[in-house]
Each structure stands twice: as structure tokens, then as C-alpha cells.
$ cat model_30.txt   # compact mmCIF, C-alpha atoms
# COMPACT_ATOMS: atom_id res chain seq x y z
CA MET E 1 -30.98 15.81 -39.86
CA THR E 2 -27.47 16.77 -38.90
CA ALA E 3 -25.84 20.18 -38.62
CA PRO E 4 -23.91 21.94 -40.18
CA LEU E 5 -26.98 22.00 -42.39
CA VAL E 6 -25.27 23.23 -45.59
CA LEU E 7 -22.46 20.68 -45.35
CA ASN E 8 -25.01 17.88 -44.97
CA ASP E 9 -27.12 19.11 -47.89
CA VAL E 10 -30.13 19.85 -45.70
CA ILE E 11 -29.82 23.34 -47.17
CA SER E 12 -28.49 23.63 -50.71
CA SER E 13 -24.93 24.89 -50.95
CA ASP E 14 -26.12 27.31 -53.66
CA CYS E 15 -27.46 29.36 -50.76
CA ARG E 16 -24.12 29.72 -49.04
CA LEU E 17 -23.24 33.21 -50.25
CA TRP E 18 -26.74 34.47 -49.39
CA LEU E 19 -26.39 32.92 -45.96
CA ALA E 20 -23.02 34.66 -45.64
CA VAL E 21 -24.67 38.04 -46.25
CA LEU E 22 -27.48 37.25 -43.79
CA ILE E 23 -25.14 36.04 -41.04
CA GLY E 24 -22.88 39.05 -41.64
CA MET E 25 -25.89 41.34 -41.32
CA GLY E 26 -26.66 39.86 -37.93
CA MET E 27 -23.06 40.36 -36.85
CA GLY E 28 -22.88 43.96 -38.09
CA PHE E 29 -26.25 44.78 -36.56
CA PHE E 30 -25.35 43.65 -33.05
CA LEU E 31 -21.84 45.18 -33.20
CA GLU E 32 -23.34 48.57 -34.11
CA ARG E 33 -26.14 48.20 -31.53
CA ALA E 34 -23.50 47.66 -28.85
CA GLY E 35 -21.75 50.89 -29.92
CA PHE E 36 -18.82 49.13 -31.58
CA GLY E 37 -18.89 51.38 -34.64
CA SER E 38 -17.23 53.94 -32.36
CA ALA E 39 -13.50 53.74 -31.64
CA ARG E 40 -13.88 55.60 -28.34
CA LYS E 41 -16.49 53.15 -27.10
CA LEU E 42 -14.19 50.25 -28.06
CA VAL E 43 -10.93 51.53 -26.56
CA ALA E 44 -12.72 52.56 -23.35
CA GLN E 45 -12.12 48.90 -22.50
CA PHE E 46 -8.41 49.65 -22.14
CA TYR E 47 -8.93 52.68 -19.90
CA LEU E 48 -11.35 50.66 -17.75
CA TYR E 49 -14.21 53.18 -17.55
CA ASP E 50 -16.46 51.24 -19.96
CA MET E 51 -15.82 47.52 -20.36
CA SER E 52 -18.51 46.80 -22.95
CA VAL E 53 -15.99 44.98 -25.17
CA LEU E 54 -15.39 42.36 -22.50
CA LYS E 55 -19.10 42.08 -21.70
CA VAL E 56 -20.26 41.75 -25.31
CA MET E 57 -17.49 39.37 -26.34
CA GLY E 58 -17.81 37.33 -23.16
CA THR E 59 -21.58 36.96 -23.48
CA ALA E 60 -21.31 36.10 -27.19
CA ILE E 61 -18.65 33.44 -26.57
CA VAL E 62 -20.54 31.90 -23.63
CA THR E 63 -23.84 31.87 -25.58
CA ALA E 64 -22.33 30.16 -28.62
CA MET E 65 -20.15 27.88 -26.47
CA VAL E 66 -23.12 26.57 -24.46
CA GLY E 67 -25.19 26.14 -27.65
CA ILE E 68 -22.42 24.24 -29.40
CA PHE E 69 -21.83 22.06 -26.34
CA LEU E 70 -25.51 21.15 -25.87
CA LEU E 71 -26.27 20.60 -29.56
CA SER E 72 -23.18 18.49 -30.11
CA SER E 73 -23.94 16.44 -26.98
CA THR E 74 -27.38 15.60 -28.35
CA GLY E 75 -25.78 14.60 -31.65
CA PHE E 76 -27.47 17.31 -33.71
CA LEU E 77 -24.24 19.15 -34.46
CA ASP E 78 -21.34 17.11 -35.80
CA LEU E 79 -18.29 18.88 -34.37
CA GLY E 80 -16.05 16.85 -36.67
CA GLN E 81 -17.39 18.81 -39.64
CA VAL E 82 -16.86 22.20 -38.03
CA THR E 83 -13.91 24.24 -39.29
CA MET E 84 -11.35 24.82 -36.57
CA VAL E 85 -8.15 26.81 -36.90
CA GLY E 86 -5.04 24.96 -35.81
CA THR E 87 -3.02 26.16 -32.83
CA PHE E 88 0.40 27.68 -33.54
CA VAL E 89 1.65 28.90 -30.17
CA TRP E 90 4.23 31.61 -30.93
CA PRO E 91 2.65 33.09 -34.08
CA GLN E 92 -0.63 33.40 -32.17
CA VAL E 93 1.03 34.94 -29.12
CA ILE E 94 3.00 37.49 -31.17
CA GLY E 95 0.11 38.04 -33.61
CA GLY E 96 -2.25 38.64 -30.69
CA LEU E 97 0.12 41.17 -29.09
CA ILE E 98 0.56 43.03 -32.40
CA LEU E 99 -3.20 43.06 -33.01
CA GLY E 100 -3.82 44.30 -29.47
CA VAL E 101 -1.38 47.18 -29.99
CA GLY E 102 -3.03 47.93 -33.35
CA PHE E 103 -6.43 47.91 -31.65
CA VAL E 104 -5.63 50.59 -29.05
CA VAL E 105 -3.49 52.65 -31.46
CA GLY E 106 -5.97 52.50 -34.34
CA GLY E 107 -9.21 52.27 -32.39
CA TYR E 108 -10.74 49.29 -34.16
CA CYS E 109 -10.30 45.63 -34.95
CA PRO E 110 -11.03 44.24 -38.44
CA GLY E 111 -14.74 43.48 -37.87
CA THR E 112 -15.57 46.71 -36.06
CA SER E 113 -13.70 48.76 -38.69
CA VAL E 114 -16.26 47.54 -41.24
CA VAL E 115 -19.10 48.77 -39.02
CA ALA E 116 -17.29 52.09 -38.52
CA CYS E 117 -16.97 52.52 -42.30
CA ALA E 118 -20.66 51.73 -42.76
CA THR E 119 -21.67 54.42 -40.27
CA GLY E 120 -19.48 57.14 -41.76
CA LYS E 121 -16.48 57.19 -39.40
CA LEU E 122 -13.59 58.73 -41.34
CA ASP E 123 -11.07 57.29 -38.88
CA GLY E 124 -12.62 53.87 -39.53
CA MET E 125 -12.11 54.31 -43.26
CA VAL E 126 -8.47 55.35 -42.74
CA PHE E 127 -8.03 52.33 -40.45
CA ALA E 128 -9.46 50.12 -43.22
CA GLY E 129 -6.98 51.72 -45.62
CA GLY E 130 -4.22 50.88 -43.15
CA MET E 131 -5.43 47.29 -43.04
CA ILE E 132 -5.31 47.04 -46.81
CA PHE E 133 -1.77 48.41 -46.79
CA GLY E 134 -0.93 46.02 -43.94
CA MET E 135 -2.23 43.02 -45.90
CA PHE E 136 -0.12 44.10 -48.87
CA THR E 137 2.92 44.47 -46.61
CA TYR E 138 2.36 41.09 -44.97
CA GLY E 139 2.01 39.44 -48.38
CA GLU E 140 5.26 41.04 -49.54
CA ILE E 141 7.22 39.93 -46.46
CA PHE E 142 5.45 36.55 -46.27
CA PRO E 143 8.29 34.52 -47.84
CA TYR E 144 10.57 35.79 -45.04
CA VAL E 145 8.15 35.27 -42.12
CA GLN E 146 6.51 32.04 -43.29
CA CYS E 147 8.98 30.01 -41.28
CA PHE E 148 7.90 31.79 -38.07
CA ALA E 149 4.20 31.83 -39.04
CA ASP E 150 4.19 28.03 -39.30
CA SER E 151 6.26 27.43 -36.18
CA SER E 152 5.24 25.74 -32.90
CA PRO E 153 2.21 23.87 -34.31
CA LEU E 154 0.02 21.86 -31.95
CA GLY E 155 -2.57 20.85 -34.56
CA LYS E 156 -6.30 21.36 -34.04
CA GLN E 157 -6.35 21.68 -30.32
CA THR E 158 -9.11 22.36 -27.81
CA ILE E 159 -8.62 23.37 -24.18
CA TYR E 160 -10.44 20.24 -23.01
CA GLY E 161 -8.44 18.00 -25.33
CA TYR E 162 -5.08 19.53 -24.49
CA PHE E 163 -5.53 19.44 -20.72
CA ASN E 164 -7.60 16.26 -20.84
CA ILE E 165 -10.53 17.69 -18.86
CA PRO E 166 -14.14 16.71 -19.75
CA TYR E 167 -15.72 19.12 -22.29
CA GLY E 168 -18.66 19.93 -19.98
CA VAL E 169 -16.35 20.83 -17.09
CA VAL E 170 -14.47 23.37 -19.23
CA VAL E 171 -17.80 24.82 -20.40
CA LEU E 172 -18.84 25.28 -16.75
CA LEU E 173 -15.47 26.77 -15.80
CA VAL E 174 -15.58 29.29 -18.66
CA PHE E 175 -19.17 30.16 -17.75
CA ALA E 176 -18.15 30.79 -14.13
CA MET E 177 -15.06 32.74 -15.23
CA ALA E 178 -17.24 34.95 -17.43
CA LEU E 179 -19.64 35.72 -14.57
CA GLY E 180 -16.70 36.59 -12.33
CA GLY E 181 -15.18 38.69 -15.11
CA PHE E 182 -18.42 40.64 -15.62
CA TRP E 183 -18.66 41.35 -11.90
CA GLY E 184 -15.02 42.48 -11.78
CA ALA E 185 -15.47 44.60 -14.91
CA THR E 186 -18.42 46.43 -13.36
CA MET E 187 -16.35 47.13 -10.23
CA LEU E 188 -13.50 48.51 -12.37
CA GLU E 189 -15.90 50.70 -14.37
CA LYS E 190 -17.04 52.38 -11.15
CA LYS E 191 -13.49 52.83 -9.94
CA PHE E 192 -12.29 54.41 -13.19
CA ALA E 193 -15.46 56.33 -14.10
CA HIS E 194 -13.53 59.61 -13.68
CA LEU E 195 -11.43 58.79 -16.77
CA LYS E 196 -14.46 59.07 -19.03
CA PRO E 197 -13.72 62.03 -21.32
CA GLN E 198 -15.99 64.98 -21.92
CA GLU E 199 -17.95 64.92 -25.14
CA ARG E 200 -16.47 66.95 -27.99
CA PRO E 201 -18.91 69.32 -29.67
CA PRO E 202 -19.72 67.98 -33.17
CA GLU E 203 -17.77 69.66 -35.98
CA MET T 1 -23.94 63.61 -24.59
CA THR T 2 -25.25 60.76 -22.47
CA LYS T 3 -28.20 60.67 -24.84
CA GLU T 4 -26.15 58.96 -27.53
CA LEU T 5 -24.51 56.54 -25.13
CA LYS T 6 -27.87 55.57 -23.65
CA GLU T 7 -29.07 54.53 -27.07
CA TYR T 8 -26.54 51.71 -27.16
CA MET T 9 -27.95 48.30 -26.42
CA ASN T 10 -27.26 46.67 -23.08
CA PRO T 11 -23.90 44.91 -23.63
CA TYR T 12 -25.13 41.55 -22.34
CA LEU T 13 -28.14 41.68 -24.63
CA ALA T 14 -26.02 42.66 -27.65
CA GLY T 15 -23.55 39.92 -26.74
CA PHE T 16 -26.36 37.37 -26.52
CA GLY T 17 -27.59 38.41 -29.98
CA LEU T 18 -24.07 38.22 -31.40
CA GLY T 19 -23.64 34.80 -29.78
CA LEU T 20 -26.83 33.51 -31.44
CA VAL T 21 -25.56 34.80 -34.81
CA LEU T 22 -22.27 32.98 -34.21
CA LEU T 23 -24.09 29.80 -33.18
CA SER T 24 -26.25 29.92 -36.30
CA ALA T 25 -23.12 30.32 -38.46
CA TYR T 26 -21.80 27.07 -36.97
CA LEU T 27 -25.13 25.26 -37.32
CA LEU T 28 -25.70 26.39 -40.91
CA MET T 29 -22.22 26.57 -42.39
CA GLY T 30 -19.99 24.73 -39.93
CA ARG T 31 -17.78 27.80 -39.59
CA GLY T 32 -17.66 30.88 -37.42
CA LEU T 33 -17.57 34.60 -38.17
CA GLY T 34 -14.64 36.53 -39.60
CA ALA T 35 -13.44 39.80 -41.02
CA SER T 36 -9.71 40.05 -41.68
CA GLY T 37 -9.84 37.29 -44.29
CA ALA T 38 -12.07 39.45 -46.48
CA TYR T 39 -9.41 42.20 -46.49
CA ALA T 40 -6.82 39.58 -47.48
CA SER T 41 -9.04 38.31 -50.33
CA LEU T 42 -9.55 41.86 -51.60
CA VAL T 43 -5.84 42.70 -51.55
CA SER T 44 -4.89 39.37 -53.14
CA TRP T 45 -7.44 39.86 -55.89
CA ALA T 46 -6.07 43.35 -56.58
CA MET T 47 -2.49 42.08 -56.61
CA GLY T 48 -3.49 39.25 -58.95
CA ASN T 49 -4.73 41.85 -61.42
CA ILE T 50 -1.96 44.42 -61.01
CA ALA T 51 1.11 42.21 -60.75
CA PRO T 52 0.31 38.55 -61.48
CA ASP T 53 3.96 37.67 -62.22
CA HIS T 54 5.22 39.33 -59.07
CA ILE T 55 2.97 37.33 -56.73
CA ALA T 56 3.32 33.95 -58.47
CA GLY T 57 4.63 31.45 -55.92
CA ASN T 58 4.50 34.06 -53.15
CA GLY T 59 2.62 31.65 -50.86
CA PHE T 60 0.32 34.30 -49.40
CA PHE T 61 -1.50 36.15 -52.17
CA ASP T 62 -1.83 33.04 -54.34
CA LYS T 63 -3.44 31.18 -51.44
CA TYR T 64 -6.40 33.52 -51.72
CA LEU T 65 -6.45 33.21 -55.53
CA ASP T 66 -6.60 29.41 -55.49
CA PRO T 67 -9.65 28.36 -57.55
CA GLY T 68 -10.13 25.48 -55.10
CA ARG T 69 -10.87 28.05 -52.41
CA ALA T 70 -13.46 30.04 -54.36
CA PRO T 71 -14.45 30.16 -58.05
CA HIS T 72 -13.45 33.85 -58.04
CA PRO T 73 -11.32 35.41 -55.27
CA LEU T 74 -14.17 37.77 -54.38
CA LYS T 75 -16.89 35.10 -54.54
CA ASP T 76 -15.61 34.00 -51.18
CA TRP T 77 -17.77 33.28 -48.12
CA LEU T 78 -15.99 35.84 -45.93
CA VAL T 79 -16.17 38.59 -48.56
CA PHE T 80 -19.95 38.18 -48.72
CA GLU T 81 -20.18 37.94 -44.96
CA VAL T 82 -18.33 41.26 -44.62
CA ILE T 83 -20.71 42.86 -47.14
CA GLY T 84 -23.44 41.69 -44.75
CA VAL T 85 -21.59 43.26 -41.79
CA MET T 86 -21.60 46.60 -43.63
CA LEU T 87 -25.32 46.31 -44.37
CA GLY T 88 -26.21 45.21 -40.83
CA GLY T 89 -24.10 47.97 -39.30
CA LEU T 90 -25.68 50.52 -41.62
CA VAL T 91 -29.22 49.37 -40.76
CA SER T 92 -28.57 49.55 -37.01
CA GLY T 93 -26.82 52.93 -37.38
CA LEU T 94 -29.68 54.36 -39.42
CA ILE T 95 -32.28 53.20 -36.89
CA ALA T 96 -30.33 54.94 -34.13
CA GLY T 97 -29.54 58.05 -36.20
CA ARG T 98 -25.80 57.43 -35.81
CA VAL T 99 -24.80 57.47 -39.49
CA ARG T 100 -22.84 60.65 -40.22
CA PHE T 101 -19.35 61.57 -41.34
CA SER T 102 -17.24 62.09 -38.25
CA ILE T 103 -13.85 61.42 -36.73
CA ASP T 104 -13.98 59.55 -33.46
CA ARG T 105 -11.40 60.73 -30.92
CA GLY T 106 -11.11 62.17 -27.42
CA PRO T 107 -11.44 65.88 -26.56
CA GLN T 108 -7.65 66.44 -26.67
CA GLY T 109 -5.39 65.72 -29.63
CA THR T 110 -5.95 66.57 -33.27
CA ASN T 111 -7.78 65.01 -36.19
CA ALA T 112 -4.51 64.67 -38.11
CA ALA T 113 -2.88 62.70 -35.31
CA ARG T 114 -5.98 60.56 -34.96
CA LEU T 115 -6.02 59.64 -38.65
CA ALA T 116 -2.27 58.93 -38.69
CA LEU T 117 -2.65 56.59 -35.72
CA ALA T 118 -5.74 54.97 -37.29
CA PHE T 119 -3.68 54.14 -40.39
CA THR T 120 -0.79 52.82 -38.29
CA GLY T 121 -3.15 50.74 -36.17
CA GLY T 122 -4.74 49.31 -39.30
CA ILE T 123 -1.37 48.14 -40.60
CA LEU T 124 -0.46 46.49 -37.27
CA THR T 125 -3.89 44.87 -36.97
CA ALA T 126 -3.68 43.31 -40.43
CA ILE T 127 -0.20 41.91 -39.78
CA GLY T 128 -1.19 40.61 -36.34
CA ALA T 129 -4.33 38.95 -37.69
CA GLN T 130 -2.42 37.22 -40.47
CA LEU T 131 0.28 35.92 -38.13
CA ALA T 132 -2.35 34.63 -35.72
CA ARG T 133 -4.54 33.12 -38.48
CA GLY T 134 -7.52 35.23 -37.55
CA CYS T 135 -8.71 38.40 -35.86
CA THR T 136 -11.02 39.27 -32.99
CA SER T 137 -13.96 37.76 -34.88
CA GLY T 138 -12.32 34.79 -36.58
CA GLN T 139 -10.10 33.75 -33.71
CA ALA T 140 -11.22 35.23 -30.39
CA LEU T 141 -14.99 35.02 -30.91
CA SER T 142 -15.36 32.02 -33.21
CA GLY T 143 -12.50 29.94 -31.85
CA GLY T 144 -13.32 31.03 -28.31
CA ALA T 145 -16.77 29.46 -28.56
CA LEU T 146 -15.20 26.17 -29.74
CA LEU T 147 -12.76 26.33 -26.79
CA ASN T 148 -9.92 26.34 -29.33
CA LEU T 149 -6.66 26.48 -27.36
CA GLY T 150 -4.87 28.82 -29.78
CA SER T 151 -7.86 31.16 -29.92
CA TRP T 152 -7.87 31.63 -26.15
CA LEU T 153 -4.11 32.17 -26.13
CA PHE T 154 -4.55 34.75 -28.90
CA MET T 155 -7.39 36.50 -27.07
CA MET T 156 -5.36 36.88 -23.86
CA CYS T 157 -2.49 38.35 -25.90
CA VAL T 158 -4.78 40.84 -27.70
CA PHE T 159 -5.95 42.23 -24.36
CA GLY T 160 -2.39 42.06 -22.99
CA GLY T 161 -0.92 43.97 -25.94
CA ALA T 162 -3.61 46.64 -25.79
CA TYR T 163 -3.32 47.20 -22.03
CA LEU T 164 0.48 47.38 -22.29
CA ILE T 165 0.39 50.19 -24.82
CA ALA T 166 -2.82 52.00 -23.75
CA TYR T 167 -0.97 54.47 -21.50
CA PHE T 168 1.21 55.73 -24.37
CA VAL T 169 -1.69 56.60 -26.68
CA ARG T 170 -4.04 57.94 -23.99
CA ARG T 171 -3.90 61.48 -25.37
CA GLN T 172 -5.92 60.57 -28.43
CA TRP T 173 -8.69 58.94 -26.38
CA LEU T 174 -8.99 60.61 -22.95

$ encode --input "model_30.txt" --output "C-alpha cells"
Amino acid sequence: MTAPLVLNDVISSDCRLWLAVLIGMGMGFFLERAGFGSARKLVAQFYLYDMSVLKVMGTAIVTAMVGIFLLSSTGFLDLGQVTMVGTFVWPQVIGGLILGVGFVVGGYCPGTSVVACATGKLDGMVFAGGMIFGMFTYGEIFPYVQCFADSSPLGKQTIYGYFNIPYGVVVLLVFAMALGGFWGATMLEKKFAHLKPQERPPE
Amino acid sequence: MTKELKEYMNPYLAGFGLGLVLLSAYLLMGRGLGASGAYASLVSWAMGNIAPDHIAGNGFFDKYLDPGRAPHPLKDWLVFEVIGVMLGGLVSGLIAGRVRFSIDRGPQGTNAARLALAFTGGILTAIGAQLARGCTSGQALSGGALLNLGSWLFMMCVFGGAYLIAYFVRRQWL
């Protein structure tokens, strides 16, 4: 038995859309549990008084990273069959900066905006409307930006492959970096606790 | 006020749960999580119905309408996954009693300004995610766990961009 299970017909591919709903439900559930249906909880990350975004994302990445590393080392997971987005240096740098600005201006990222909509946040719905308009805009300007969007390609590239460091060593380094990051984040939260705003009375 | 905040799950525990969901997506489907792609599918499907001639050969919208990608543009894996995200978010919100119509902003500022900035932020986020070939879920989270070089570069830039601009929009949050 080899994973990915659906790709190796251990689980029928007829189930894939049902699995999509189930996996999405898990994602939405934990995002909302963490408070990520609230823009203020999310952007608190950027005013340093509540760094839950870093803690949740960091723990999620480390958990999945360790699982993928161990299961692929034992041969259960075939990494060759796993979809990986190619690296395009400048589009990803500029795209990341634009998305980061959009995050703190708008209060959400694409995934959390869905959770915000589901829990009745009107600002989340307007953000989602903005995203729809943004997708339309991007599609319209695509012929003019395609050249940049496809520039500086490095192919499917991992950190361990690019820097030629053993996979396990990078896993350990990221794990250690996350622990250090969590400790630093908790220090910063204490230092900037005074920035935490007063609660608004509900309208 | 602290009552509501206390109801949130411990961030490490929520992150661990999210990480297990991400791991199971890789083990079952061989792909990670995502969100922005579903918005792109929806818009492309709408454009394909409204102005099929206009988008022919556009290179962006028609990518999402390719029958090789999905039998119908909306019968796409990510579209169904995002329907799941809505359901999962709703279930968690209902359990915690957090589902109600509201506008989330700081004590200063106005609702009108908040909604205008939410719309603006949505536009920027969509464009950024398309340029980067993924958003916080598809790139940072999913690619991050694979140690994808571009995903980590993207993630650093998301935080960088947000910290750079945070001071200028502080009035709507603090």
C-alpha cells in the first residue's frame, strides 16, 4: 500500500470530491477554533500583541513536515507523486508582498475569508467580494503580466535540494527555528500587550 | 470581552490539528490545502458564461475552464474543499456561539472605512495569490510543509509586506 492513497487506487478516485469536502471541513474547523474567522485576531500578528497566526501556522507546518518526512522515509508516501508548485523567484516575492499588504489592509487571507463569511462577518463577505473582483482584474490584465508571472523559474525546488543539505537536517533546523520563533513570539506578545484594543460594544 | 477570546483553542493545539488535516490531504490526495484557486475557478466559470468570446485565448480564465482540469469548472477539487471550509468553519462557530452578523474592526475608525479597506485588501490578496501561484494555504502552509523553496520565500514576503504597511492602517485595528 502506497500513499497518496487515491492516486494509487487504494481509495477509489470517485471519492475525491467527498474527500475534498471532508478535508476542507477539517481545515475550516481548526481555523475557526483558533479564532481565524476574526480579522482582528488575525492582524494582531502584525501589531505583535497576539501572535497566534505565527503559532498556528508554525505548528501546522512542523506537524505536516515531520509527518511527510517520516512517512516518505519509510517508503509509505511516494513524494514523487505529490503535487508541488514550481518556484518562480520574483513573481513569488512580489506576489507575497502584495498579499501581505492585502492581508493587513483587508484583515483576511483567502482561506480565512471563507471562515469569516461562514460565521457572518460582513467585512469578510466584502473582502470575498474584493477577491472576486481582484480575480477578474488579474484575468483581464493577465496577457500583460504573464511575462513577469512566468519569469525567474527554478523548477520544482525544495530547500534541501537547492542548498544540497540532507532532508532530515533541514527538517530538524525548521523544527528548531519554529521553537525559537514561538519563544520569541511569546516574549513580543508580553512586550506589546498594551497595544491590545478595548472591546467595542456589540451593535 | 476576554470571555470570547478565552474560548479560542490553544494556538499550538489548533495548529497541530490543522497540520494533521494537511498531512492527511497529502496522504490521501497527494496535494495540500488551498483557497484562492476556488475563487479563480468561480470567476472563470462566471466569465465563461457571461463573455465566452472575450476570454477565449486569454490564458488565465481558460486555464480554469480546461476540461482536462475538471469535467465542469466548478466540479473542481479546490471548489469542493472550500465548500468544506465553509461547513467546518460554520460548525466550529456554532459550537462556540460565534456565528452572528458583525463587522470586525478596532474601537476607532468607522464601519464604512473598514468595509472599503476590506474590499481593497481582497483585490490585492487575489492579485498577490495569483502572481505567487498560491495563497497562505496553498503556498505558505502546503508548500511550507514540503520545504518548497518558493513557498518559504513567499511566506517571508507575506509577513514582510504586512509588517511594512501595518503602521499605516493601524487606525482600523487598534

$ closest_residue --input "model_30.txt" --among "E:Leu7, E:Val169, E:Ser72, E:Val43" --to "E:Val105" --atoms "all atoms listed in the file"
E:Val43

$ residues_around --input "model_30.txt" --residues "T:Gly121" --least-positions-apart "3" --cutoff "9 Å" --atoms "only C-alpha atoms" --output "ChimeraX atom specification"
/E:99,101-109,127,130-131 /T:116-118,124-126

$ closest_residue --input "model_30.txt" --among "E:Pro197, E:Leu154, E:Lys191, E:Asp78" --to "chain T" --atoms "all atoms listed in the file"
E:Pro197

$ atom_distance --input "model_30.txt" --atom1 "atom CA of E:Val56" --atom2 "atom CA of T:Ala14"
6.3 Å

$ atom_distance --input "model_30.txt" --atom1 "atom CA of E:Val93" --atom2 "atom CA of T:Pro11"
27.4 Å

$ decode --input "model_30.txt" --residues "stretch 50-64 of chain E" --atoms "N, CA and C atoms" --output "compact mmCIF listing (two decimals), in the first residue's frame"
# COMPACT_ATOMS: atom_id res chain seq x y z
N ASP E 50 -0.65 39.68 19.81
CA ASP E 50 -1.20 38.32 19.80
C ASP E 50 -0.67 37.64 18.54
N MET E 51 0.28 36.73 18.71
CA MET E 51 0.94 36.15 17.55
C MET E 51 0.42 34.74 17.26
N SER E 52 -0.89 34.57 17.38
CA SER E 52 -1.49 33.26 17.12
C SER E 52 -1.27 32.81 15.68
N VAL E 53 -1.24 33.75 14.72
CA VAL E 53 -1.06 33.36 13.32
C VAL E 53 0.26 32.59 13.17
N LEU E 54 1.32 33.16 13.72
CA LEU E 54 2.63 32.50 13.64
C LEU E 54 2.61 31.15 14.34
N LYS E 55 1.96 31.10 15.51
CA LYS E 55 1.96 29.86 16.30
C LYS E 55 1.16 28.76 15.60
N VAL E 56 -0.02 29.12 15.09
CA VAL E 56 -0.86 28.12 14.43
C VAL E 56 -0.20 27.65 13.13
N MET E 57 0.22 28.62 12.31
CA MET E 57 0.86 28.23 11.04
C MET E 57 2.12 27.44 11.27
N GLY E 58 2.94 27.90 12.22
CA GLY E 58 4.20 27.23 12.51
C GLY E 58 3.97 25.80 12.98
N THR E 59 3.03 25.61 13.89
CA THR E 59 2.77 24.26 14.40
C THR E 59 2.21 23.37 13.29
N ALA E 60 1.32 23.93 12.46
CA ALA E 60 0.73 23.14 11.37
C ALA E 60 1.81 22.71 10.38
N ILE E 61 2.69 23.65 10.02
CA ILE E 61 3.75 23.32 9.05
C ILE E 61 4.69 22.26 9.63
N VAL E 62 5.11 22.45 10.89
CA VAL E 62 6.04 21.50 11.51
C VAL E 62 5.39 20.11 11.61
N THR E 63 4.13 20.07 12.03
CA THR E 63 3.43 18.78 12.17
C THR E 63 3.39 18.04 10.83
N ALA E 64 2.93 18.73 9.80
CA ALA E 64 2.83 18.08 8.48
C ALA E 64 4.22 17.76 7.93
